$ cat structure38.pdb   # PDB, C-alpha atoms
ATOM      1  CA  MET A  37       2.885   6.621 -13.710
ATOM      2  CA  PHE A  38       1.992   3.881 -11.204
ATOM      3  CA  HIS A  39       3.913   0.657 -11.644
ATOM      4  CA  GLY A  40       6.551  -1.548 -10.082
ATOM      5  CA  SER A  41       7.329  -1.562  -6.367
ATOM      6  CA  ILE A  42       5.074   0.890  -4.535
ATOM      7  CA  ALA A  43       5.859   1.017  -0.829
ATOM      8  CA  ALA A  44       2.917   0.980   1.569
ATOM      9  CA  LEU A  45       4.826   3.325   3.838
ATOM     10  CA  VAL A  46       4.744   2.998   7.622
ATOM     11  CA  THR A  47       4.177   6.075   9.767
ATOM     12  CA  PRO A  48       7.114   6.294  12.204
ATOM     13  CA  MET A  49       6.124   7.051  15.792
ATOM     14  CA  THR A  50       7.969   7.715  18.999
ATOM     15  CA  ASP A  51       7.463   5.445  21.998
ATOM     16  CA  ASP A  52       4.674   7.694  23.274
ATOM     17  CA  GLY A  53       2.810   7.469  19.950
ATOM     18  CA  ARG A  54       3.656  10.836  18.397
ATOM     19  CA  VAL A  55       4.398  10.877  14.663
ATOM     20  CA  ASP A  56       8.142  11.215  14.051
ATOM     21  CA  PHE A  57       8.240  13.444  10.990
ATOM     22  CA  THR A  58      12.036  13.470  10.795
ATOM     23  CA  ALA A  59      12.111   9.684  10.578
ATOM     24  CA  LEU A  60       9.314   9.796   7.996
ATOM     25  CA  GLU A  61      11.231  12.256   5.832
ATOM     26  CA  ASN A  62      14.333  10.072   6.050
ATOM     27  CA  LEU A  63      12.329   7.016   5.001
ATOM     28  CA  VAL A  64      11.148   8.800   1.862
ATOM     29  CA  HIS A  65      14.714   9.836   0.954
ATOM     30  CA  TRP A  66      15.848   6.228   1.466
ATOM     31  CA  HIS A  67      13.096   4.864  -0.779
ATOM     32  CA  VAL A  68      14.014   7.278  -3.542
ATOM     33  CA  ALA A  69      17.675   6.227  -3.283
ATOM     34  CA  GLU A  70      16.781   2.512  -3.261
ATOM     35  CA  GLY A  71      14.646   2.712  -6.410
ATOM     36  CA  THR A  72      11.124   2.451  -4.994
ATOM     37  CA  ASP A  73       8.741   3.469  -7.783
ATOM     38  CA  ALA A  74       6.117   5.264  -5.660
ATOM     39  CA  ILE A  75       4.897   5.440  -2.081
ATOM     40  CA  VAL A  76       1.505   5.247  -0.432
ATOM     41  CA  ALA A  77       1.337   7.594   2.558
ATOM     42  CA  ALA A  78      -1.222   7.234   5.353
ATOM     43  CA  GLY A  79      -2.620   3.953   4.101
ATOM     44  CA  THR A  80      -3.372   0.828   6.118
ATOM     45  CA  THR A  81       0.319   0.149   6.769
ATOM     46  CA  GLY A  82       0.643   3.801   7.766
ATOM     47  CA  GLU A  83      -1.939   3.285  10.551
ATOM     48  CA  SER A  84      -4.420   5.632   8.920
ATOM     49  CA  ALA A  85      -7.227   4.334  11.128
ATOM     50  CA  THR A  86      -5.630   5.932  14.201
ATOM     51  CA  LEU A  87      -4.265   9.115  12.640
ATOM     52  CA  GLU A  88      -6.129  12.301  13.512
ATOM     53  CA  ALA A  89      -7.236  14.377  10.520
ATOM     54  CA  ASP A  90      -4.525  16.995  11.009
ATOM     55  CA  GLU A  91      -1.863  14.298  11.442
ATOM     56  CA  HIS A  92      -3.077  12.596   8.276
ATOM     57  CA  MET A  93      -2.499  15.766   6.274
ATOM     58  CA  ARG A  94       0.827  16.501   7.955
ATOM     59  CA  VAL A  95       2.018  13.016   6.960
ATOM     60  CA  LEU A  96       1.056  13.737   3.346
ATOM     61  CA  ASP A  97       2.751  17.145   3.448
ATOM     62  CA  CYS A  98       5.935  15.623   4.860
ATOM     63  CA  CYS A  99       6.062  12.901   2.216
ATOM     64  CA  LEU A 100       5.413  15.360  -0.601
ATOM     65  CA  ARG A 101       8.190  17.676   0.604
ATOM     66  CA  ALA A 102      10.657  14.820   0.959
ATOM     67  CA  ALA A 103       9.761  13.208  -2.381
ATOM     68  CA  ALA A 104      10.054  16.603  -4.100
ATOM     69  CA  GLY A 105       8.591  15.237  -7.321
ATOM     70  CA  ARG A 106      11.158  12.437  -7.606
ATOM     71  CA  ILE A 107       8.583   9.682  -7.089
ATOM     72  CA  PRO A 108       4.781   9.825  -6.953
ATOM     73  CA  VAL A 109       3.069  10.100  -3.578
ATOM     74  CA  ILE A 110      -0.290   8.343  -3.379
ATOM     75  CA  ALA A 111      -2.506   9.296  -0.443
ATOM     76  CA  GLY A 112      -4.531   6.795   1.515
ATOM     77  CA  THR A 113      -7.909   8.502   1.915
ATOM     78  CA  GLY A 114     -10.293   5.667   2.667
ATOM     79  CA  SER A 115     -12.806   5.421   5.494
ATOM     80  CA  ASN A 116     -15.949   3.493   6.353
ATOM     81  CA  SER A 117     -17.706   6.873   6.306
ATOM     82  CA  THR A 118     -18.298   8.099   2.765
ATOM     83  CA  ALA A 119     -18.382  11.714   3.935
ATOM     84  CA  HIS A 120     -15.078  11.347   5.776
ATOM     85  CA  ALA A 121     -13.404   9.563   2.840
ATOM     86  CA  LEU A 122     -14.616  12.334   0.545
ATOM     87  CA  ALA A 123     -13.285  15.048   2.866
ATOM     88  CA  LEU A 124      -9.872  13.348   3.121
ATOM     89  CA  THR A 125      -9.707  12.936  -0.657
ATOM     90  CA  ARG A 126     -10.481  16.614  -1.234
ATOM     91  CA  LEU A 127      -7.799  17.637   1.250
ATOM     92  CA  ALA A 128      -5.277  15.283  -0.346
ATOM     93  CA  GLN A 129      -6.065  16.637  -3.802
ATOM     94  CA  ALA A 130      -5.467  20.201  -2.588
ATOM     95  CA  ARG A 131      -2.003  19.154  -1.437
ATOM     96  CA  GLY A 132      -1.002  17.901  -4.860
ATOM     97  CA  VAL A 133      -0.714  14.153  -4.371
ATOM     98  CA  ALA A 134      -0.511  12.026  -7.518
ATOM     99  CA  ALA A 135      -3.542   9.868  -6.681
ATOM    100  CA  ALA A 136      -5.687   8.625  -3.823
ATOM    101  CA  LEU A 137      -5.973   5.024  -2.680
ATOM    102  CA  VAL A 138      -9.494   4.481  -1.349
ATOM    103  CA  VAL A 139     -10.265   1.296   0.552
ATOM    104  CA  VAL A 140     -13.550  -0.610   0.530
ATOM    105  CA  PRO A 141     -15.493   0.605   3.591
ATOM    106  CA  TYR A 142     -14.799  -1.687   6.534
ATOM    107  CA  TYR A 143     -17.135  -2.843   9.340
ATOM    108  CA  ASN A 144     -20.328  -1.438   7.754
ATOM    109  CA  LYS A 145     -20.682  -4.400   5.344
ATOM    110  CA  PRO A 146     -22.157  -2.429   2.412
ATOM    111  CA  THR A 147     -23.824  -4.153  -0.519
ATOM    112  CA  GLN A 148     -22.244  -4.079  -3.969
ATOM    113  CA  GLU A 149     -24.590  -1.211  -4.841
ATOM    114  CA  GLY A 150     -23.458   0.597  -1.701
ATOM    115  CA  LEU A 151     -19.840   0.144  -2.742
ATOM    116  CA  TYR A 152     -20.596   1.534  -6.192
ATOM    117  CA  ARG A 153     -22.329   4.601  -4.767
ATOM    118  CA  HIS A 154     -19.570   5.173  -2.183
ATOM    119  CA  PHE A 155     -16.798   5.288  -4.781
ATOM    120  CA  ARG A 156     -18.965   7.100  -7.326
ATOM    121  CA  MET A 157     -19.707   9.915  -4.878
ATOM    122  CA  ILE A 158     -16.011  10.417  -4.114
ATOM    123  CA  ALA A 159     -14.979  10.254  -7.774
ATOM    124  CA  ASP A 160     -17.642  12.739  -8.829
ATOM    125  CA  ALA A 161     -16.477  15.264  -6.244
ATOM    126  CA  VAL A 162     -12.784  15.365  -7.204
ATOM    127  CA  SER A 163     -10.610  15.333 -10.305
ATOM    128  CA  LEU A 164      -7.835  13.381  -8.594
ATOM    129  CA  PRO A 165      -7.056   9.907 -10.002
ATOM    130  CA  LEU A 166      -8.513   7.266  -7.681
ATOM    131  CA  ILE A 167      -7.271   3.728  -7.112
ATOM    132  CA  LEU A 168      -9.805   1.359  -5.586
ATOM    133  CA  TYR A 169      -8.551  -0.910  -2.793
ATOM    134  CA  ASN A 170     -10.164  -4.305  -2.282
ATOM    135  CA  VAL A 171      -8.965  -6.130   0.844
ATOM    136  CA  PRO A 172     -11.730  -8.413   2.154
ATOM    137  CA  SER A 173      -9.446  -9.889   4.855
ATOM    138  CA  ARG A 174      -9.679  -6.493   6.593
ATOM    139  CA  SER A 175     -12.885  -4.939   5.276
ATOM    140  CA  VAL A 176     -14.994  -8.161   5.400
ATOM    141  CA  VAL A 177     -16.750  -7.179   2.149
ATOM    142  CA  ASP A 178     -15.293  -8.305  -1.192
ATOM    143  CA  MET A 179     -15.815  -5.842  -4.050
ATOM    144  CA  LEU A 180     -16.739  -8.129  -6.937
ATOM    145  CA  PRO A 181     -15.355  -7.781 -10.477
ATOM    146  CA  GLU A 182     -18.735  -6.727 -11.847
ATOM    147  CA  THR A 183     -18.758  -3.766  -9.427
ATOM    148  CA  VAL A 184     -15.196  -2.876 -10.425
ATOM    149  CA  GLU A 185     -16.319  -2.986 -14.059
ATOM    150  CA  ARG A 186     -19.049  -0.426 -13.362
ATOM    151  CA  LEU A 187     -16.624   1.830 -11.514
ATOM    152  CA  ALA A 188     -13.985   1.570 -14.239
ATOM    153  CA  LEU A 189     -16.318   3.516 -16.525
ATOM    154  CA  ILE A 190     -15.814   6.589 -14.317
ATOM    155  CA  GLN A 191     -13.028   8.651 -15.853
ATOM    156  CA  ASN A 192     -10.895   9.322 -12.793
ATOM    157  CA  ILE A 193     -11.136   5.812 -11.337
ATOM    158  CA  ILE A 194      -7.960   4.499 -12.922
ATOM    159  CA  GLY A 195      -7.264   1.153 -11.285
ATOM    160  CA  ILE A 196      -7.499  -1.174  -8.324
ATOM    161  CA  LYS A 197      -5.245  -2.548  -5.630
ATOM    162  CA  GLU A 198      -6.468  -6.127  -5.489
ATOM    163  CA  ALA A 199      -5.401  -7.793  -2.237
ATOM    164  CA  THR A 200      -7.302 -11.068  -2.317
ATOM    165  CA  GLY A 201      -4.244 -13.001  -3.524
ATOM    166  CA  LYS A 202      -6.476 -14.700  -6.112
ATOM    167  CA  LEU A 203      -4.673 -14.578  -9.442
ATOM    168  CA  GLU A 204      -7.801 -15.508 -11.362
ATOM    169  CA  ARG A 205      -9.328 -12.254 -10.077
ATOM    170  CA  LEU A 206      -6.642 -10.330 -11.974
ATOM    171  CA  GLU A 207      -7.603 -12.005 -15.209
ATOM    172  CA  GLU A 208     -11.336 -11.415 -14.748
ATOM    173  CA  ILE A 209     -10.906  -7.726 -13.933
ATOM    174  CA  ARG A 210      -8.594  -7.278 -16.925
ATOM    175  CA  ARG A 211     -11.176  -8.918 -19.200
ATOM    176  CA  ARG A 212     -13.983  -6.752 -17.833
ATOM    177  CA  CYS A 213     -12.135  -3.422 -17.520
ATOM    178  CA  GLY A 214      -9.687  -3.392 -20.421
ATOM    179  CA  GLU A 215      -5.956  -2.895 -20.796
ATOM    180  CA  ALA A 216      -5.877   0.744 -19.663
ATOM    181  CA  PHE A 217      -7.241  -0.053 -16.189
ATOM    182  CA  LEU A 218      -4.379  -0.381 -13.669
ATOM    183  CA  LEU A 219      -4.125  -3.668 -11.813
ATOM    184  CA  ILE A 220      -1.904  -3.476  -8.746
ATOM    185  CA  SER A 221      -1.348  -6.363  -6.349
ATOM    186  CA  GLY A 222      -1.901  -5.874  -2.657
ATOM    187  CA  ASP A 223      -0.428  -9.241  -1.696
ATOM    188  CA  ASP A 224       3.357  -9.543  -1.546
ATOM    189  CA  ALA A 225       3.358 -13.349  -1.596
ATOM    190  CA  THR A 226       1.659 -13.519  -5.015
ATOM    191  CA  ALA A 227       2.868 -10.197  -6.435
ATOM    192  CA  MET A 228       5.524 -11.659  -8.736
ATOM    193  CA  GLU A 229       3.037 -13.921 -10.507
ATOM    194  CA  PHE A 230       0.450 -11.123 -10.537
ATOM    195  CA  ILE A 231       2.855  -8.872 -12.450
ATOM    196  CA  LEU A 232       3.996 -11.655 -14.790
ATOM    197  CA  ARG A 233       0.334 -12.195 -15.700
ATOM    198  CA  GLY A 234      -0.127  -8.561 -16.662
ATOM    199  CA  GLY A 235      -0.422  -6.540 -13.474
ATOM    200  CA  GLN A 236       1.410  -3.229 -13.298
ATOM    201  CA  GLY A 237       2.965  -3.631  -9.860
ATOM    202  CA  VAL A 238       2.412  -4.128  -6.149
ATOM    203  CA  ILE A 239       1.620  -1.887  -3.203
ATOM    204  CA  SER A 240       3.987  -3.644  -0.869
ATOM    205  CA  VAL A 241       4.625  -4.093   2.835
ATOM    206  CA  THR A 242       7.882  -5.928   2.067
ATOM    207  CA  ALA A 243       9.185  -2.879   0.165
ATOM    208  CA  ASN A 244       9.438  -1.063   3.503
ATOM    209  CA  VAL A 245      12.261  -3.399   4.532
ATOM    210  CA  ALA A 246      13.880  -4.500   1.256
ATOM    211  CA  PRO A 247      13.108  -1.683  -1.208
ATOM    212  CA  LYS A 248      15.959  -2.297  -3.633
ATOM    213  CA  LEU A 249      15.263  -6.033  -3.877
ATOM    214  CA  MET A 250      11.509  -5.507  -4.317
ATOM    215  CA  HIS A 251      12.158  -2.943  -7.042
ATOM    216  CA  ALA A 252      14.486  -5.364  -8.852
ATOM    217  CA  MET A 253      11.985  -8.214  -8.623
ATOM    218  CA  CYS A 254       9.113  -6.078  -9.905
ATOM    219  CA  THR A 255      11.240  -4.717 -12.751
ATOM    220  CA  ALA A 256      12.180  -8.222 -13.862
ATOM    221  CA  ALA A 257       8.594  -9.456 -13.642
ATOM    222  CA  HIS A 258       7.232  -6.443 -15.525
ATOM    223  CA  ALA A 259       9.767  -7.128 -18.298
ATOM    224  CA  GLY A 260       8.559 -10.748 -18.488
ATOM    225  CA  LYS A 261      11.881 -12.122 -17.224
ATOM    226  CA  ARG A 262      10.392 -14.986 -15.220
ATOM    227  CA  SER A 263      13.621 -16.758 -14.284
ATOM    228  CA  GLN A 264      15.244 -13.594 -12.986
ATOM    229  CA  ALA A 265      12.089 -12.568 -11.128
ATOM    230  CA  GLU A 266      11.825 -16.012  -9.518
ATOM    231  CA  ILE A 267      15.415 -15.894  -8.269
ATOM    232  CA  LEU A 268      14.842 -12.490  -6.694
ATOM    233  CA  ASN A 269      11.459 -13.434  -5.269
ATOM    234  CA  GLN A 270      12.900 -16.552  -3.687
ATOM    235  CA  ARG A 271      15.162 -14.315  -1.620
ATOM    236  CA  LEU A 272      12.096 -12.349  -0.515
ATOM    237  CA  ALA A 273       9.697 -15.243   0.082
ATOM    238  CA  THR A 274      10.383 -15.742   3.792
ATOM    239  CA  LEU A 275      10.223 -11.989   4.380
ATOM    240  CA  HIS A 276       6.823 -11.852   2.646
ATOM    241  CA  LYS A 277       5.666 -14.479   5.152
ATOM    242  CA  HIS A 278       7.308 -13.228   8.339
ATOM    243  CA  LEU A 279       6.143  -9.636   7.935
ATOM    244  CA  PHE A 280       2.711 -11.073   8.708
ATOM    245  CA  LEU A 281       3.627 -13.055  11.836
ATOM    246  CA  GLU A 282       1.187 -10.688  13.540
ATOM    247  CA  SER A 283      -1.218  -8.153  12.107
ATOM    248  CA  SER A 284       0.500  -5.684   9.787
ATOM    249  CA  PRO A 285       2.078  -3.199  10.406
ATOM    250  CA  ILE A 286       3.228  -4.704  13.730
ATOM    251  CA  PRO A 287       6.074  -6.842  12.292
ATOM    252  CA  VAL A 288       7.234  -4.335   9.657
ATOM    253  CA  LYS A 289       7.480  -1.528  12.208
ATOM    254  CA  TRP A 290       9.498  -3.774  14.524
ATOM    255  CA  ALA A 291      11.753  -4.730  11.589
ATOM    256  CA  LEU A 292      12.409  -1.097  10.689
ATOM    257  CA  LYS A 293      13.171  -0.290  14.321
ATOM    258  CA  GLU A 294      15.619  -3.205  14.401
ATOM    259  CA  MET A 295      17.217  -1.784  11.245
ATOM    260  CA  GLY A 296      17.628   1.593  12.939
ATOM    261  CA  ARG A 297      15.283   3.337  10.491
ATOM    262  CA  ILE A 298      12.479   4.344  12.873
ATOM    263  CA  PRO A 299      11.737   4.481  16.608
ATOM    264  CA  GLY A 300       9.568   1.776  18.123
ATOM    265  CA  GLY A 301       6.208   3.500  18.527
ATOM    266  CA  ILE A 302       2.911   1.978  17.423
ATOM    267  CA  ARG A 303      -0.622   3.007  18.392
ATOM    268  CA  LEU A 304      -3.216   1.023  20.245
ATOM    269  CA  PRO A 305      -5.100  -1.121  19.561
ATOM    270  CA  LEU A 306      -1.933  -2.419  17.842
ATOM    271  CA  THR A 307       0.880  -3.521  20.153
ATOM    272  CA  PRO A 308       4.601  -4.144  19.629
ATOM    273  CA  LEU A 309       5.682  -7.455  18.126
ATOM    274  CA  ALA A 310       5.593 -10.285  20.655
ATOM    275  CA  ALA A 311       9.045 -11.289  21.928
ATOM    276  CA  ASN A 312       8.682 -14.890  20.749
ATOM    277  CA  HIS A 313       8.772 -13.631  17.118
ATOM    278  CA  HIS A 314      11.874 -11.467  17.448
ATOM    279  CA  ASP A 315      14.506 -14.090  16.636
ATOM    280  CA  THR A 316      12.511 -15.402  13.666
ATOM    281  CA  LEU A 317      12.093 -12.014  12.054
ATOM    282  CA  ARG A 318      15.639 -10.918  12.917
ATOM    283  CA  ALA A 319      17.033 -13.987  11.128
ATOM    284  CA  THR A 320      14.917 -13.220   8.077
ATOM    285  CA  LEU A 321      16.185  -9.637   7.993
ATOM    286  CA  ARG A 322      19.740 -10.955   8.008
ATOM    287  CA  ASP A 323      18.942 -13.345   5.156
ATOM    288  CA  VAL A 324      17.861 -10.467   2.877
ATOM    289  CA  GLY A 325      20.754  -8.245   3.913
ATOM    290  CA  ALA A 326      18.616  -5.788   5.855
ATOM    291  CA  LEU A 327      20.744  -6.236   8.992
TER     292      LEU A 327
END
$ encode --input "structure38.pdb" --output "structure tokens"
Amino acid sequence: MFHGSIAALVTPMTDDGRVDFTALENLVHWHVAEGTDAIVAAGTTGESATLEADEHMRVLDCCLRAAAGRIPVIAGTGSNSTAHALALTRLAQARGVAAALVVVPYYNKPTQEGLYRHFRMIADAVSLPLILYNVPSRSVVDMLPETVERLALIQNIIGIKEATGKLERLEEIRRRCGEAFLLISGDDATAMEFILRGGQGVISVTANVAPKLMHAMCTAAHAGKRSQAEILNQRLATLHKHLFLESSPIPVKWALKEMGRIPGGIRLPLTPLAANHHDTLRATLRDVGAL
């Protein structure tokens, strides 16, 4: 069910910071038309850290209505509070999402045993498929392969979004967790090679801006067509880089505003893209045909 180009969907906001549900619905329709294989709603790129609980659920409801079963909707339900992550996951399950993406708790700096117990408690309380999310650049703590191996024994923990960018990590987790365990990249720059080496896909920031091209690249890589995947990925390479000129989702939200897809709102503590980056990112958007 979960493979290929999975868009880490932004949450459109008006200039005063309110969620623009019409723009969000239109984004989902666009992704379906462009071939995106699934979407993650209210994840990191969706500014989940600053969404209120009711907004979080309204974002999920909006995405589910717009997707209408045409592509899977995965809910971001992570938190650095185990109780809060569990509550969000239960609410997401009740809404009928396809899975939950649950990030390693940030700021608290749990031990590996603490990570195991955190994810175990959530998994034991729901029947929803769970995808672990390891992103030490944001969470500080790196969930090690041996911890992932323990968690993979839990029936409804079905895979991991691995965002370290370390390709050797893919191979170690595959060896420890077996072929049935989903391995999904969380790093656009290395996603092509990740998939060619046996990963199922990527949860992508770049897919927000170039969904059709990301889908084509992932499809080629998943089929083992290295030359074709490399040609497509070369077109995307600068975009992979420039969508991180500042902390994500700052650049990707500016890019989508420039494309006329969303208004320009973003919530503090994030701020709009600095003016000195505008020409650089605008040129990159033109290069991939987004403008």
$ resolve_selection --input "structure38.pdb" --expression "the PyMOL selection byres ((chain A and resi 259) around 12)" --output "ChimeraX atom specification"
/A:39-40,228,231-237,252-258,260-265
$ resolve_selection --input "structure38.pdb" --expression "the PyMOL selection byres ((chain A and resi 272) around 10)" --output "JSON, numbers by chain"
{"A": [224, 225, 242, 243, 246, 249, 250, 253, 266, 267, 268, 269, 270, 271, 273, 274, 275, 276, 277, 320, 321, 323, 324]}
$ write_last_selection --input "structure38.pdb" --atoms "C-alpha atoms" --output "CSV table (one decimal), in the frame of the given file"
chain,number,residue,atom,x,y,z
A,224,ASP,CA,3.4,-9.5,-1.5
A,225,ALA,CA,3.4,-13.3,-1.6
A,242,THR,CA,7.9,-5.9,2.1
A,243,ALA,CA,9.2,-2.9,0.2
A,246,ALA,CA,13.9,-4.5,1.3
A,249,LEU,CA,15.3,-6.0,-3.9
A,250,MET,CA,11.5,-5.5,-4.3
A,253,MET,CA,12.0,-8.2,-8.6
A,266,GLU,CA,11.8,-16.0,-9.5
A,267,ILE,CA,15.4,-15.9,-8.3
A,268,LEU,CA,14.8,-12.5,-6.7
A,269,ASN,CA,11.5,-13.4,-5.3
A,270,GLN,CA,12.9,-16.6,-3.7
A,271,ARG,CA,15.2,-14.3,-1.6
A,273,ALA,CA,9.7,-15.2,0.1
A,274,THR,CA,10.4,-15.7,3.8
A,275,LEU,CA,10.2,-12.0,4.4
A,276,HIS,CA,6.8,-11.9,2.6
A,277,LYS,CA,5.7,-14.5,5.2
A,320,THR,CA,14.9,-13.2,8.1
A,321,LEU,CA,16.2,-9.6,8.0
A,323,ASP,CA,18.9,-13.3,5.2
A,324,VAL,CA,17.9,-10.5,2.9
$ resolve_selection --input "structure38.pdb" --expression "the PyMOL selection byres ((chain A and resi 147-156) around 7)" --output "mmCIF file with C-alpha atoms, keeping the file's coordinate frame"
data_model
loop_
_atom_site.group_PDB
_atom_site.id
_atom_site.type_symbol
_atom_site.label_atom_id
_atom_site.label_comp_id
_atom_site.auth_asym_id
_atom_site.auth_seq_id
_atom_site.Cartn_x
_atom_site.Cartn_y
_atom_site.Cartn_z
ATOM 1 C CA THR A 118 -18.298 8.099 2.765
ATOM 2 C CA LYS A 145 -20.682 -4.400 5.344
ATOM 3 C CA PRO A 146 -22.157 -2.429 2.412
ATOM 4 C CA MET A 157 -19.707 9.915 -4.878
ATOM 5 C CA ILE A 158 -16.011 10.417 -4.114
ATOM 6 C CA ALA A 159 -14.979 10.254 -7.774
ATOM 7 C CA ASP A 160 -17.642 12.739 -8.829
ATOM 8 C CA MET A 179 -15.815 -5.842 -4.050
ATOM 9 C CA THR A 183 -18.758 -3.766 -9.427
ATOM 10 C CA LEU A 187 -16.624 1.830 -11.514
#
$ residues_around --input "structure38.pdb" --residues "stretch 304-319 of chain A" --least-positions-apart "2" --cutoff "8 Å" --atoms "only C-alpha atoms" --output "list in words"
Leu275, His278, Leu279, Leu281, Glu282, Ile286, Pro287, Trp290, Ala291, Glu294, Gly300, Gly301, Ile302, Leu321, Arg322, Asp323 and Leu327 of chain A
$ residues_around --input "structure38.pdb" --residues "A:Leu100" --least-positions-apart "3" --cutoff "10 Å" --atoms "all atoms listed in the file" --output "ChimeraX atom specification"
/A:61,64,77,94-97,103-111,131-134
$ residues_around --input "structure38.pdb" --residues "A:Ile196" --least-positions-apart "4" --cutoff "7 Å" --atoms "only C-alpha atoms" --output "ChimeraX atom specification"
/A:167-169,218-220
$ atom_distance --input "structure38.pdb" --atom1 "atom CA of A:Leu45" --atom2 "atom CA of A:Val140"
19.1 Å
$ residues_near_point --input "structure38.pdb" --point "(7.5, -0.5, 5.0)" --cutoff "6 Å" --atoms "only C-alpha atoms" --output "ChimeraX atom specification"
/A:44-46,241,243-245
$ atom_distance --input "structure38.pdb" --atom1 "atom CA of A:Ser84" --atom2 "atom CA of A:Gly114"
8.6 Å
$ closest_residue --input "structure38.pdb" --among "A:Asp178, A:Val162, A:Phe230, A:Ile209" --to "A:Ile190" --atoms "all atoms listed in the file"
A:Val162
$ atom_distance --input "structure38.pdb" --atom1 "atom CA of A:Thr226" --atom2 "atom CA of A:His251"
15.0 Å
$ closest_residue --input "structure38.pdb" --among "A:Gly112, A:Ala326, A:Arg303, A:Leu180" --to "A:Thr50" --atoms "all atoms listed in the file"
A:Arg303
$ axis_aligned_box --input "structure38.pdb" --around "stretch 187-200 of chain A" --padding-each-side "3 Å" --output "JSON"
{"center_x": -10.9, "center_y": -0.9, "center_z": -9.4, "size_x": 17.4, "size_y": 26.4, "size_z": 20.3}
$ residues_near_point --input "structure38.pdb" --point "(-4.9, -12.9, -5.4)" --cutoff "10 Å" --atoms "all atoms listed in the file" --output "CSV table (one decimal) with C-alpha atoms, in the coordinates of the input"
chain,number,residue,atom,x,y,z
A,198,GLU,CA,-6.5,-6.1,-5.5
A,199,ALA,CA,-5.4,-7.8,-2.2
A,200,THR,CA,-7.3,-11.1,-2.3
A,201,GLY,CA,-4.2,-13.0,-3.5
A,202,LYS,CA,-6.5,-14.7,-6.1
A,203,LEU,CA,-4.7,-14.6,-9.4
A,204,GLU,CA,-7.8,-15.5,-11.4
A,205,ARG,CA,-9.3,-12.3,-10.1
A,206,LEU,CA,-6.6,-10.3,-12.0
A,221,SER,CA,-1.3,-6.4,-6.3
A,222,GLY,CA,-1.9,-5.9,-2.7
A,223,ASP,CA,-0.4,-9.2,-1.7
A,224,ASP,CA,3.4,-9.5,-1.5
A,225,ALA,CA,3.4,-13.3,-1.6
A,226,THR,CA,1.7,-13.5,-5.0
A,227,ALA,CA,2.9,-10.2,-6.4
A,229,GLU,CA,3.0,-13.9,-10.5
A,230,PHE,CA,0.4,-11.1,-10.5
$ closest_residue --input "structure38.pdb" --among "A:Ala59, A:Val176, A:Leu122, A:Thr81" --to "A:Cys99" --atoms "only C-alpha atoms"
A:Ala59
